[in-house]
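data-v5.cif follows; it contains mmCIF, C-alpha atoms and all ligand atoms.
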data_entry
#
loop_
_atom_site.label_atom_id
_atom_site.label_comp_id
_atom_site.auth_asym_id
_atom_site.auth_seq_id
_atom_site.Cartn_x
_atom_site.Cartn_y
_atom_site.Cartn_z
CA MET A 4 0.00 0.00 0.00
CA GLU A 5 1.02 3.61 -0.58
CA LYS A 6 3.02 4.83 2.39
CA ARG A 7 2.14 8.51 2.21
CA ILE A 8 0.68 9.52 5.55
CA PHE A 9 -2.47 11.62 5.60
CA ARG A 10 -3.88 12.77 8.89
CA SER A 11 -7.35 14.13 8.36
CA SER A 12 -10.39 12.35 6.98
CA ALA A 13 -10.92 15.01 4.33
CA THR A 14 -7.42 14.44 2.92
CA LYS A 15 -7.50 10.66 3.24
CA ALA A 16 -10.82 10.62 1.38
CA VAL A 17 -9.16 12.27 -1.62
CA HIS A 18 -5.71 10.63 -1.59
CA ALA A 19 -5.31 7.54 0.61
CA GLY A 20 -4.59 4.16 -0.93
CA GLU A 21 -2.98 5.46 -4.12
CA THR A 22 0.61 6.14 -5.11
CA LYS A 23 1.49 9.58 -6.38
CA GLU A 24 2.74 7.96 -9.55
CA LYS A 25 -0.29 7.12 -11.66
CA TYR A 26 -0.92 4.53 -14.32
CA ALA A 27 -0.45 6.23 -17.76
CA ASP A 28 -0.28 9.52 -15.82
CA SER A 29 -4.04 9.41 -15.37
CA LEU A 30 -5.02 11.61 -12.44
CA THR A 31 -8.17 9.64 -11.69
CA THR A 32 -8.12 5.99 -10.70
CA PRO A 33 -8.28 3.66 -13.71
CA ILE A 34 -11.12 1.15 -13.92
CA PHE A 35 -9.34 -2.15 -14.51
CA GLN A 36 -12.04 -3.80 -16.56
CA THR A 37 -10.59 -7.29 -16.61
CA SER A 38 -11.53 -10.68 -15.28
CA THR A 39 -8.01 -12.11 -15.47
CA TYR A 40 -4.35 -11.09 -15.44
CA THR A 41 -1.51 -12.28 -17.66
CA PHE A 42 1.83 -13.85 -16.78
CA LYS A 43 4.75 -12.97 -19.05
CA ASP A 44 6.42 -16.37 -18.68
CA SER A 45 6.98 -19.35 -16.40
CA LYS A 46 9.43 -17.33 -14.33
CA GLU A 47 6.71 -14.87 -13.47
CA ILE A 48 4.36 -17.68 -12.51
CA GLU A 49 6.94 -19.09 -10.16
CA ALA A 50 7.71 -15.70 -8.66
CA TYR A 51 4.01 -15.56 -7.80
CA THR A 52 3.42 -19.15 -6.68
CA LYS A 53 6.74 -20.13 -5.10
CA HIS A 54 8.11 -16.79 -3.99
CA LYS A 55 4.78 -15.17 -3.06
CA LYS A 56 5.35 -12.01 -5.08
CA GLU A 57 2.25 -9.86 -4.71
CA ARG A 58 0.30 -9.42 -7.93
CA PHE A 59 -3.16 -9.98 -9.40
CA GLU A 60 -4.16 -13.34 -10.79
CA TYR A 61 -7.91 -13.60 -11.37
CA GLY A 62 -10.85 -11.24 -10.90
CA ARG A 63 -12.50 -12.96 -7.96
CA TYR A 64 -9.22 -12.79 -6.03
CA GLY A 65 -8.77 -9.06 -6.48
CA ASN A 66 -8.69 -6.08 -8.81
CA PRO A 67 -6.47 -2.95 -8.64
CA THR A 68 -9.44 -0.54 -8.58
CA GLU A 69 -11.01 -2.56 -5.76
CA LYS A 70 -7.69 -2.59 -3.85
CA ILE A 71 -7.44 1.18 -3.92
CA ALA A 72 -10.98 1.52 -2.59
CA GLU A 73 -10.17 -0.97 0.20
CA HIS A 74 -7.02 0.89 1.18
CA ARG A 75 -8.83 4.20 1.20
CA LEU A 76 -11.57 2.90 3.49
CA ALA A 77 -8.98 1.31 5.80
CA ALA A 78 -7.24 4.69 6.08
CA LEU A 79 -10.52 6.44 6.90
CA GLU A 80 -11.46 3.94 9.62
CA ASN A 81 -7.86 3.67 10.92
CA ALA A 82 -8.06 -0.07 10.33
CA GLU A 83 -5.22 -2.44 9.46
CA ASP A 84 -7.17 -3.86 6.57
CA CYS A 85 -10.47 -3.74 4.71
CA VAL A 86 -12.31 -6.15 2.46
CA LEU A 87 -14.98 -4.99 0.02
CA PHE A 88 -18.11 -6.84 -1.08
CA ALA A 89 -20.85 -6.52 -3.67
CA SER A 90 -23.29 -5.30 -0.98
CA GLY A 91 -23.57 -4.65 2.73
CA MET A 92 -25.47 -7.91 3.24
CA MET A 93 -22.72 -9.85 1.41
CA ALA A 94 -20.26 -8.25 3.86
CA ILE A 95 -22.30 -9.34 6.91
CA THR A 96 -23.11 -12.85 5.74
CA THR A 97 -19.62 -13.66 4.47
CA THR A 98 -18.07 -12.38 7.70
CA ILE A 99 -20.40 -14.46 9.84
CA PHE A 100 -19.70 -17.59 7.84
CA ALA A 101 -15.97 -16.92 8.09
CA ILE A 102 -16.18 -16.84 11.89
CA VAL A 103 -18.70 -19.52 12.83
CA GLN A 104 -19.08 -23.21 12.27
CA SER A 105 -21.77 -25.74 13.02
CA GLY A 106 -22.39 -26.03 16.77
CA ASP A 107 -21.41 -22.43 17.46
CA HIS A 108 -23.54 -19.72 19.02
CA ILE A 109 -23.82 -15.98 18.40
CA VAL A 110 -25.48 -13.11 20.25
CA ILE A 111 -27.04 -10.16 18.44
CA THR A 112 -29.24 -7.25 19.53
CA ASP A 113 -32.88 -7.03 18.50
CA ASP A 114 -32.52 -3.56 16.98
CA CYS A 115 -30.65 -4.70 13.87
CA TYR A 116 -31.21 -4.36 10.14
CA LYS A 117 -34.16 -6.58 9.23
CA LYS A 118 -32.22 -8.80 6.84
CA THR A 119 -29.37 -9.24 9.31
CA LEU A 120 -31.83 -10.49 11.93
CA GLU A 121 -33.52 -12.74 9.39
CA PHE A 122 -30.19 -14.24 8.36
CA CYS A 123 -29.07 -14.89 11.93
CA GLU A 124 -32.43 -16.10 13.18
CA SER A 125 -33.57 -18.23 10.25
CA TYR A 126 -30.77 -19.13 7.89
CA LEU A 127 -27.94 -19.78 10.34
CA LYS A 128 -30.14 -22.29 12.13
CA ARG A 129 -30.03 -24.50 9.03
CA PHE A 130 -26.30 -24.81 9.51
CA GLY A 131 -26.58 -25.69 13.19
CA ILE A 132 -25.62 -22.25 14.41
CA GLU A 133 -27.66 -20.97 17.31
CA CYS A 134 -28.51 -17.31 17.75
CA THR A 135 -29.62 -15.47 20.87
CA ILE A 136 -31.33 -12.14 20.28
CA VAL A 137 -31.10 -9.75 23.23
CA PRO A 138 -32.95 -6.45 23.68
CA PHE A 139 -30.82 -3.52 22.55
CA GLY A 140 -29.14 -1.84 25.52
CA ASP A 141 -29.56 -4.76 27.94
CA TYR A 142 -25.82 -5.18 28.53
CA ASP A 143 -26.32 -7.52 31.51
CA LEU A 144 -28.42 -9.90 29.47
CA MET A 145 -25.93 -9.72 26.60
CA ASP A 146 -23.17 -10.61 29.07
CA LYS A 147 -25.21 -13.49 30.53
CA SER A 148 -26.15 -14.79 27.08
CA VAL A 149 -22.56 -15.51 26.10
CA LYS A 150 -21.83 -19.24 26.32
CA LYS A 151 -18.79 -21.45 25.89
CA ASN A 152 -19.52 -21.87 22.17
CA THR A 153 -20.31 -18.19 21.48
CA ARG A 154 -18.12 -16.93 18.68
CA PHE A 155 -19.16 -13.30 18.36
CA ILE A 156 -21.51 -10.62 19.62
CA PHE A 157 -23.07 -8.20 17.17
CA SER A 158 -24.83 -4.87 17.29
CA GLU A 159 -25.59 -1.83 15.20
CA SER A 160 -25.04 1.73 16.31
CA PRO A 161 -26.87 3.99 15.75
CA THR A 162 -29.86 1.84 14.84
CA ASN A 163 -32.77 2.17 12.50
CA PRO A 164 -35.25 3.88 12.81
CA TYR A 165 -34.93 5.10 16.42
CA LEU A 166 -31.23 5.95 16.27
CA ASN A 167 -30.45 4.05 19.45
CA VAL A 168 -26.77 4.28 20.35
CA PHE A 169 -24.84 1.30 21.68
CA ASP A 170 -22.26 1.84 24.43
CA LEU A 171 -19.06 0.73 22.68
CA LYS A 172 -17.03 0.58 25.91
CA LYS A 173 -19.51 -1.79 27.53
CA PHE A 174 -19.65 -3.80 24.33
CA ARG A 175 -15.89 -4.18 24.29
CA GLU A 176 -15.81 -5.15 27.99
CA ILE A 177 -18.27 -7.98 27.39
CA GLY A 178 -16.24 -9.15 24.40
CA LYS A 179 -12.96 -9.04 26.31
CA LYS A 180 -14.38 -10.76 29.38
CA HIS A 181 -15.53 -13.77 27.36
CA ASN A 182 -12.87 -13.57 24.68
CA VAL A 183 -15.41 -13.38 21.86
CA ILE A 184 -15.25 -11.23 18.75
CA THR A 185 -17.14 -7.93 18.88
CA PHE A 186 -18.67 -6.96 15.54
CA ILE A 187 -20.48 -3.69 14.87
CA ASP A 188 -22.52 -2.37 11.97
CA SER A 189 -21.47 1.29 11.87
CA THR A 190 -23.29 2.21 8.64
CA PHE A 191 -25.40 5.00 10.18
CA ALA A 192 -22.41 6.66 11.85
CA THR A 193 -19.58 6.40 9.29
CA PRO A 194 -15.96 6.97 10.41
CA VAL A 195 -16.55 10.73 10.32
CA ASN A 196 -18.85 10.39 13.34
CA GLN A 197 -17.66 7.23 15.08
CA LYS A 198 -14.61 4.95 15.00
CA PRO A 199 -15.48 1.70 16.83
CA LEU A 200 -12.01 0.18 16.30
CA GLU A 201 -10.58 2.92 18.53
CA TYR A 202 -12.84 1.59 21.29
CA GLY A 203 -11.30 -1.86 20.89
CA ILE A 204 -14.15 -3.31 18.84
CA ASP A 205 -12.78 -6.14 16.65
CA LEU A 206 -14.74 -5.78 13.42
CA VAL A 207 -16.64 -2.92 11.82
CA MET A 208 -18.92 -3.23 8.82
CA HIS A 209 -20.52 -0.65 6.57
CA SER A 210 -23.12 -0.76 3.90
CA ALA A 211 -20.96 1.37 1.58
CA THR A 212 -24.13 1.73 -0.48
CA LYS A 213 -25.08 4.52 1.90
CA TYR A 214 -22.72 7.36 2.93
CA PHE A 215 -19.46 6.18 1.34
CA ALA A 216 -20.90 5.86 -2.17
CA GLY A 217 -23.26 8.69 -1.33
CA HIS A 218 -25.17 9.04 -4.60
CA ASN A 219 -27.77 6.27 -4.41
CA ASP A 220 -26.25 4.66 -7.48
CA ILE A 221 -24.37 1.53 -6.36
CA LEU A 222 -24.44 -1.31 -3.83
CA ALA A 223 -21.30 -2.12 -1.86
CA GLY A 224 -20.22 -3.39 1.55
CA ALA A 225 -17.04 -3.22 3.61
CA VAL A 226 -15.62 -5.01 6.65
CA LEU A 227 -12.66 -3.59 8.53
CA GLY A 228 -10.42 -4.83 11.33
CA ASN A 229 -7.02 -6.32 12.06
CA SER A 230 -5.10 -8.08 9.28
CA ASP A 231 -5.55 -11.60 10.66
CA LEU A 232 -9.31 -11.40 10.94
CA ILE A 233 -9.70 -9.69 7.57
CA ALA A 234 -7.44 -12.30 5.92
CA LYS A 235 -9.72 -15.02 7.24
CA ILE A 236 -12.80 -13.26 5.89
CA ARG A 237 -11.12 -12.48 2.56
CA SER A 238 -10.23 -16.12 2.14
CA LEU A 239 -13.87 -17.26 2.36
CA HIS A 240 -14.92 -14.25 0.27
CA LYS A 241 -12.78 -15.63 -2.60
CA ALA A 242 -14.72 -18.88 -2.39
CA LEU A 243 -18.22 -17.40 -1.98
CA GLY A 244 -17.48 -14.87 -4.70
CA GLY A 245 -19.66 -11.86 -3.85
CA VAL A 246 -17.05 -9.44 -5.15
CA ILE A 247 -17.53 -5.82 -6.13
CA ASP A 248 -16.83 -5.12 -9.81
CA ALA A 249 -14.29 -2.57 -11.01
CA ASN A 250 -16.83 -0.01 -12.26
CA CYS A 251 -18.61 -0.15 -8.96
CA ALA A 252 -15.31 0.19 -7.06
CA TYR A 253 -14.52 3.26 -9.16
CA LEU A 254 -17.87 4.87 -8.33
CA LEU A 255 -17.23 4.08 -4.68
CA ILE A 256 -13.80 5.79 -4.84
CA ARG A 257 -15.40 8.76 -6.52
CA GLY A 258 -18.07 8.93 -3.83
CA ILE A 259 -15.56 8.63 -1.00
CA LYS A 260 -13.70 11.76 -2.15
CA THR A 261 -16.58 13.97 -1.03
CA PHE A 262 -17.83 11.73 1.74
CA PRO A 263 -16.43 13.69 4.74
CA LEU A 264 -17.79 16.94 3.27
CA ARG A 265 -21.18 15.42 2.71
CA VAL A 266 -21.44 13.84 6.15
CA LYS A 267 -20.47 17.09 7.89
CA LYS A 268 -23.17 18.91 5.94
CA GLN A 269 -25.68 16.13 6.68
CA ASN A 270 -24.82 16.29 10.41
CA GLU A 271 -25.49 20.03 10.48
CA SER A 272 -28.65 19.94 8.39
CA THR A 273 -30.12 16.99 10.25
CA LEU A 274 -29.59 18.59 13.66
CA GLU A 275 -31.29 21.74 12.38
CA ILE A 276 -34.18 19.72 10.94
CA ALA A 277 -34.47 17.69 14.17
CA ARG A 278 -34.80 20.93 16.18
CA PHE A 279 -37.35 22.27 13.68
CA LEU A 280 -39.38 19.06 14.00
CA GLU A 281 -39.17 19.07 17.79
CA ASN A 282 -40.75 22.51 17.88
CA HIS A 283 -43.43 21.80 15.30
CA PRO A 284 -47.05 21.61 16.50
CA LYS A 285 -47.89 18.76 14.05
CA VAL A 286 -45.06 16.57 15.33
CA GLU A 287 -45.49 14.29 18.29
CA LYS A 288 -41.99 12.98 18.88
CA VAL A 289 -38.53 13.24 17.32
CA TYR A 290 -35.66 10.76 17.50
CA TYR A 291 -32.17 12.11 16.87
CA PRO A 292 -29.13 11.14 18.99
CA PHE A 293 -27.82 14.70 19.21
CA LEU A 294 -31.11 16.06 20.59
CA GLU A 295 -31.08 16.42 24.39
CA SER A 296 -34.43 14.60 24.44
CA HIS A 297 -32.99 11.40 22.92
CA ARG A 298 -32.66 8.52 25.39
CA HIS A 299 -29.04 7.96 24.39
CA TYR A 300 -27.97 11.60 24.10
CA GLN A 301 -25.17 11.29 26.70
CA ILE A 302 -23.51 8.24 25.20
CA ALA A 303 -23.98 9.61 21.68
CA LYS A 304 -22.18 12.83 22.67
CA GLU A 305 -19.37 10.79 24.23
CA GLN A 306 -18.65 8.44 21.38
CA MET A 307 -19.85 10.32 18.29
CA LYS A 308 -18.64 13.48 16.59
CA GLY A 309 -21.99 14.16 14.90
CA GLY A 310 -25.50 12.76 15.08
CA GLY A 311 -25.56 11.60 11.46
CA GLY A 312 -27.95 12.20 8.59
CA VAL A 313 -31.05 10.32 9.73
CA VAL A 314 -33.86 11.64 11.90
CA SER A 315 -37.10 9.84 12.72
CA PHE A 316 -40.36 11.35 13.92
CA ASN A 317 -44.03 10.74 14.55
CA VAL A 318 -46.57 13.09 13.07
CA LYS A 319 -49.68 13.78 15.17
CA GLY A 320 -52.82 11.94 14.10
CA ASP A 321 -53.27 8.58 12.42
CA LEU A 322 -52.27 6.65 9.30
CA GLU A 323 -54.39 8.98 7.15
CA SER A 324 -52.58 12.04 8.52
CA ALA A 325 -49.26 10.34 7.82
CA LYS A 326 -50.27 9.54 4.24
CA ARG A 327 -51.46 13.11 3.62
CA PHE A 328 -48.17 14.47 4.97
CA MET A 329 -46.06 12.16 2.80
CA ASP A 330 -48.14 12.63 -0.34
CA SER A 331 -47.80 16.44 -0.17
CA LEU A 332 -44.01 16.49 -0.30
CA GLU A 333 -42.72 17.96 -3.55
CA MET A 334 -38.94 17.69 -3.39
CA ILE A 335 -38.31 14.88 -0.93
CA TYR A 336 -38.48 11.47 -2.59
CA ILE A 337 -40.37 8.61 -0.99
CA ALA A 338 -37.74 5.87 -1.06
CA PRO A 339 -35.84 3.52 1.22
CA SER A 340 -32.09 3.87 1.82
CA LEU A 341 -30.05 6.72 3.24
CA GLY A 342 -26.70 8.46 3.01
CA GLY A 343 -27.10 9.81 -0.51
CA VAL A 344 -27.20 13.37 -1.80
CA GLU A 345 -31.00 13.36 -2.18
CA THR A 346 -33.27 13.67 0.86
CA LEU A 347 -35.43 10.56 1.15
CA ILE A 348 -38.36 9.72 3.38
CA THR A 349 -39.73 6.32 4.33
CA HIS A 350 -42.81 5.24 6.18
CA PRO A 351 -41.56 2.02 7.83
CA ALA A 352 -45.06 0.66 8.56
CA LEU A 353 -46.07 0.87 4.89
CA VAL A 354 -42.75 -0.25 3.42
CA SER A 355 -40.30 -2.35 5.45
CA TYR A 356 -42.89 -3.84 7.80
CA TYR A 357 -45.95 -4.08 5.55
CA ASP A 358 -45.97 -7.88 5.85
CA TYR A 359 -45.95 -7.92 9.66
CA THR A 360 -49.09 -8.26 11.73
CA LYS A 361 -50.07 -4.95 13.27
CA GLU A 362 -49.40 -6.38 16.73
CA ARG A 363 -45.84 -7.50 15.92
CA ARG A 364 -45.13 -4.23 14.14
CA LEU A 365 -46.31 -2.18 17.11
CA ASP A 366 -44.26 -4.42 19.40
CA LEU A 367 -41.22 -3.25 17.46
CA GLY A 368 -42.40 0.32 17.89
CA ILE A 369 -43.20 0.80 14.21
CA THR A 370 -46.34 2.91 14.53
CA ASP A 371 -48.63 4.21 11.77
CA THR A 372 -47.36 7.77 12.16
CA LEU A 373 -43.62 7.07 12.14
CA PHE A 374 -41.34 8.48 9.45
CA ARG A 375 -37.63 8.17 8.81
CA LEU A 376 -36.01 11.08 7.03
CA ALA A 377 -32.60 10.49 5.42
CA VAL A 378 -31.27 13.98 4.89
CA GLY A 379 -29.38 14.80 1.69
CA ILE A 380 -27.09 17.70 0.83
CA GLU A 381 -29.72 20.14 -0.46
CA GLU A 382 -30.00 23.58 1.16
CA VAL A 383 -31.48 22.82 4.57
CA HIS A 384 -34.17 25.49 4.30
CA ASP A 385 -35.49 23.92 1.12
CA ILE A 386 -35.86 20.62 2.96
CA ILE A 387 -37.63 22.35 5.85
CA GLU A 388 -39.92 24.21 3.44
CA ASP A 389 -40.92 20.91 1.85
CA LEU A 390 -41.64 19.36 5.26
CA GLU A 391 -43.69 22.45 6.15
CA ARG A 392 -45.72 21.87 2.98
CA GLY A 393 -46.43 18.34 4.19
CA PHE A 394 -47.48 19.46 7.66
CA ALA A 395 -49.79 22.11 6.23
CA ASN A 396 -51.75 19.33 4.52
CA ILE A 397 -52.33 17.15 7.58
C1 LIG B 1 -28.48 -0.86 4.07
C2 LIG B 1 -27.98 -1.49 5.31
C3 LIG B 1 -27.46 -2.79 5.32
C4 LIG B 1 -27.44 -3.65 4.08
O1 LIG B 1 -26.58 -3.13 3.12
P1 LIG B 1 -26.80 -3.37 1.53
O2 LIG B 1 -25.70 -2.58 0.94
O3 LIG B 1 -28.15 -2.85 1.20
O4 LIG B 1 -26.68 -4.83 1.30
C5 LIG B 1 -26.97 -3.29 6.51
N1 LIG B 1 -26.98 -2.56 7.63
C6 LIG B 1 -27.48 -1.31 7.67
C7 LIG B 1 -27.49 -0.56 8.95
C8 LIG B 1 -27.99 -0.74 6.51
O5 LIG B 1 -28.50 0.49 6.55
#

Would it be possible to restate this file's structure as structure tokens?
Amino acid sequence: MEKRIFRSSATKAVHAGETKEKYADSLTTPIFQTSTYTFKDSKEIEAYTKHKKERFEYGRYGNPTEKIAEHRLAALENAEDCVLFASGMMAITTTIFAIVQSGDHIVITDDCYKKTLEFCESYLKRFGIECTIVPFGDYDLMDKSVKKNTRFIFSESPTNPYLNVFDLKKFREIGKKHNVITFIDSTFATPVNQKPLEYGIDLVMHSATKYFAGHNDILAGAVLGNSDLIAKIRSLHKALGGVIDANCAYLLIRGIKTFPLRVKKQNESTLEIARFLENHPKVEKVYYPFLESHRHYQIAKEQMKGGGGVVSFNVKGDLESAKRFMDSLEMIYIAPSLGGVETLITHPALVSYYDYTKERRLDLGITDTLFRLAVGIEEVHDIIEDLERGFANI
């Protein structure tokens, strides 16, 4: 890897992971559109096989554009190494399979991404891997749930849609006490706002689809940690094959260049919007970790630099009021996902949880009037004006 040292995130985002000398003098990173790599002669083969000279061999085992993206993300997270995947879910599932085997046990919190829970709860069972789901924030129960065959404990922070914040110090203590791997999904925070590895967490994952890529145009996932753990995950990754392609890696690199700028802007705008919502007569409740009213405000302030770009809130009234609000928005798109330049709104009850019974949905706290706003990089007053338009129609 390039040995130039860059200190700040803003600079790393533009330069890290690349040499100053560029292929064909091209300033931007080339897209190495190839599935395989050539050997000049038998000597070169032997240099690679017998003498372990580093080089590329075949697309599934690595690509130069992908490598640069991995090195750049590792620099941003201050991680020894990074491995990229075709999506965030590929990153999570491959990592889990790299760590566990039949007869093992894992512990995860209940406030996780729906597909992560589904994978751990339903699919892992088929392979004889047991999963205990503990309520988010119940550190004692998490501690007590760890058994002799527990391989890792997993949480997200902040979580979706209530932006609950997990205490990373407590998480690490539980991991250390039982000598199990701690694994955190830090997608909502990004390394601009939170660096779990600095708290002694073993593995960090990101859906790079969100803030890193930042333009709602690609899917990608990343896992970061120490070299030994990442090597183990990379090894299985080469067999499972969910690799990111070179075009996608290029778009990721391009997105990363502006990622610290975007996240800082999103932090500022979202806090302003959260305050606006909190003072609005048509709003019942607001969830944002950097609002004093949030249940995890203290811990968020301690371990995060910014509250992130997502705010959730309940409008006053019922499902009809919620629909009228959403249907009156002119600029804000109704769409899942987050972290991109466009402001997006979702109504979790109508979208992500439409197939749940009302009882189960309400158990999870997904009410009829709940919205999640993923703030983009538009002028904040234009976003507020659009929300105001929605409220006026309730
Ligand atoms: C989107 C998301 C994922 C899944 O990532 P994909 O890139 O969509 O596969 C996992 N965790 C969190 C917190 C997410 O927001």

For this session: Measure the distance from CA of Lys304 (chain A) to CA of Asp188 (chain A) in Å and round it to one decimal.
Result: 18.6 Å

Exercise. Can you tell me, as a ChimeraX atom specification, what residues are no more than 9 Å from region 294-298 of chain A when counting only C-alpha atoms, ignoring any on the same chain fewer than 2 positions away?
Worked result: /A:166-168,274,277-278,289-292,300-301,310

Write out, as a short mmCIF file (atom, residue, chain, number, x, y, z; two decimals), keeping the file's coordinate frame, the residues just selected, with C-alpha atoms.
data_model
loop_
_atom_site.label_atom_id
_atom_site.label_comp_id
_atom_site.auth_asym_id
_atom_site.auth_seq_id
_atom_site.Cartn_x
_atom_site.Cartn_y
_atom_site.Cartn_z
CA LEU A 166 -31.23 5.95 16.27
CA ASN A 167 -30.45 4.05 19.45
CA VAL A 168 -26.77 4.28 20.35
CA LEU A 274 -29.59 18.59 13.66
CA ALA A 277 -34.47 17.69 14.17
CA ARG A 278 -34.80 20.93 16.18
CA VAL A 289 -38.53 13.24 17.32
CA TYR A 290 -35.66 10.76 17.50
CA TYR A 291 -32.17 12.11 16.87
CA PRO A 292 -29.13 11.14 18.99
CA TYR A 300 -27.97 11.60 24.10
CA GLN A 301 -25.17 11.29 26.70
CA GLY A 310 -25.50 12.76 15.08
#

Exercise. Once you count all atoms listed in the file, which residues end up no further than 12 Å from (-40.6, 13.1, -5.7) in the file's frame, shown as a ChimeraX atom specification?
Worked result: /A:329-338,345-348,389

For this session: All residues within 8 Å of ligand LIG 1 (chain B) are required, counting only C-alpha atoms and all ligand atoms; please report them as a PyMOL selection string.
Result: chain A and resi 89-95+115-116+118-119+159+162-163+188-191+209-213+222-224+340-341

Please produce a file of the residues just selected, as a CSV table (one decimal), in the frame of the given file, where the atoms kept are C-alpha atoms.
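Generated file (selection-v2.csv):
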chain,number,residue,atom,x,y,z
A,89,ALA,CA,-20.8,-6.5,-3.7
A,90,SER,CA,-23.3,-5.3,-1.0
A,91,GLY,CA,-23.6,-4.6,2.7
A,92,MET,CA,-25.5,-7.9,3.2
A,93,MET,CA,-22.7,-9.8,1.4
A,94,ALA,CA,-20.3,-8.2,3.9
A,95,ILE,CA,-22.3,-9.3,6.9
A,115,CYS,CA,-30.6,-4.7,13.9
A,116,TYR,CA,-31.2,-4.4,10.1
A,118,LYS,CA,-32.2,-8.8,6.8
A,119,THR,CA,-29.4,-9.2,9.3
A,159,GLU,CA,-25.6,-1.8,15.2
A,162,THR,CA,-29.9,1.8,14.8
A,163,ASN,CA,-32.8,2.2,12.5
A,188,ASP,CA,-22.5,-2.4,12.0
A,189,SER,CA,-21.5,1.3,11.9
A,190,THR,CA,-23.3,2.2,8.6
A,191,PHE,CA,-25.4,5.0,10.2
A,209,HIS,CA,-20.5,-0.6,6.6
A,210,SER,CA,-23.1,-0.8,3.9
A,211,ALA,CA,-21.0,1.4,1.6
A,212,THR,CA,-24.1,1.7,-0.5
A,213,LYS,CA,-25.1,4.5,1.9
A,222,LEU,CA,-24.4,-1.3,-3.8
A,223,ALA,CA,-21.3,-2.1,-1.9
A,224,GLY,CA,-20.2,-3.4,1.6
A,340,SER,CA,-32.1,3.9,1.8
A,341,LEU,CA,-30.0,6.7,3.2

Exercise. Could you state the separation of CA of Thr31 (chain A) and CA of Ile256 (chain A) in Å, given to one decimal place?
Worked result: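 These atoms are spaced 9.7 Å apart.
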
Problem set entry | A:Leu280, A:Ile259, A:Ala77, A:Val378 ranked by distance to Val207 (chain A), top pick (using all atoms listed in the file) |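 Closest candidate: A:Ala77.
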
What lies within 6 Å of region 314-323 of chain A using only C-alpha atoms, ignoring chain neighbours under 6 positions off, as a compact mmCIF listing (two decimals) with C-alpha atoms, in the frame of the given file?
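Result written to selection-v6.txt:
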# COMPACT_ATOMS: atom_id res chain seq x y z
CA LYS A 285 -47.89 18.76 14.05
CA VAL A 286 -45.06 16.57 15.33
CA GLU A 287 -45.49 14.29 18.29
CA LYS A 288 -41.99 12.98 18.88
CA VAL A 289 -38.53 13.24 17.32
CA TYR A 290 -35.66 10.76 17.50
CA TYR A 291 -32.17 12.11 16.87
CA ASP A 371 -48.63 4.21 11.77
CA THR A 372 -47.36 7.77 12.16
CA LEU A 373 -43.62 7.07 12.14
CA PHE A 374 -41.34 8.48 9.45
CA ARG A 375 -37.63 8.17 8.81
CA LEU A 376 -36.01 11.08 7.03

Exercise. Got a sec: who's within 7 Å of Cys251 (chain A), counting all atoms listed in the file, leaving out chain neighbours fewer than 4 positions off, as number ranges by chain?
Worked result: A: 221, 247, 255

Problem set entry | Selected residue of minimal separation from Tyr165 (chain A) among A:Glu305, A:Glu362, A:Asp114, A:Asp231, counting all atoms listed in the file | A:Asp114

For this session: Kindly indicate which residue among A:Ala249, A:Val354, A:Leu367, A:Ile204 lies nearest to Arg175 (chain A), using all atoms listed in the file for the distances.
Result: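 Selected residue with least distance to Arg175 (chain A): A:Ile204.
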
Exercise. Quick one: of A:Pro284, A:Pro199, A:Gly65, A:Gly343, who's nearest to Leu87 (chain A), counting all atoms listed in the file?
Worked result: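 Among the listed residues, the smallest separation from Leu87 (chain A) belongs to A:Gly65.
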
Exercise. Can you tell me how far CA of Glu24 (chain A) sits from CA of Val246 (chain A), in Å to one decimal?
Worked result: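 CA of Val246 (chain A) lies 26.7 Å from CA of Glu24 (chain A).
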
For this session: Go through A:Val195, A:Ala19, A:Leu127, A:Met145 and flag the residue nearest Ala78 (chain A), using all atoms listed in the file for the distances.
Result: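 Selected residue with least distance to Ala78 (chain A): A:Ala19.
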
For this session: For Ile111 (chain A), please output as JSON, numbers by chain all residues within 10 Å (counting only C-alpha atoms; exclusion window: fewer than 5 positions along the same chain).
Result: {"A": [119, 120, 123, 124, 134, 135, 136, 137, 138, 139, 145, 148, 155, 156, 157, 158, 159, 186, 187]}

Could you save those same residues with C-alpha atoms as a PDB file, in the coordinates of the input?
ATOM      1  CA  THR A 119     -29.370  -9.240   9.310  1.00  0.00           C
ATOM      2  CA  LEU A 120     -31.830 -10.490  11.930  1.00  0.00           C
ATOM      3  CA  CYS A 123     -29.070 -14.890  11.930  1.00  0.00           C
ATOM      4  CA  GLU A 124     -32.430 -16.100  13.180  1.00  0.00           C
ATOM      5  CA  CYS A 134     -28.510 -17.310  17.750  1.00  0.00           C
ATOM      6  CA  THR A 135     -29.620 -15.470  20.870  1.00  0.00           C
ATOM      7  CA  ILE A 136     -31.330 -12.140  20.280  1.00  0.00           C
ATOM      8  CA  VAL A 137     -31.100  -9.750  23.230  1.00  0.00           C
ATOM      9  CA  PRO A 138     -32.950  -6.450  23.680  1.00  0.00           C
ATOM     10  CA  PHE A 139     -30.820  -3.520  22.550  1.00  0.00           C
ATOM     11  CA  MET A 145     -25.930  -9.720  26.600  1.00  0.00           C
ATOM     12  CA  SER A 148     -26.150 -14.790  27.080  1.00  0.00           C
ATOM     13  CA  PHE A 155     -19.160 -13.300  18.360  1.00  0.00           C
ATOM     14  CA  ILE A 156     -21.510 -10.620  19.620  1.00  0.00           C
ATOM     15  CA  PHE A 157     -23.070  -8.200  17.170  1.00  0.00           C
ATOM     16  CA  SER A 158     -24.830  -4.870  17.290  1.00  0.00           C
ATOM     17  CA  GLU A 159     -25.590  -1.830  15.200  1.00  0.00           C
ATOM     18  CA  PHE A 186     -18.670  -6.960  15.540  1.00  0.00           C
ATOM     19  CA  ILE A 187     -20.480  -3.690  14.870  1.00  0.00           C
TER      20      ILE A 187
END
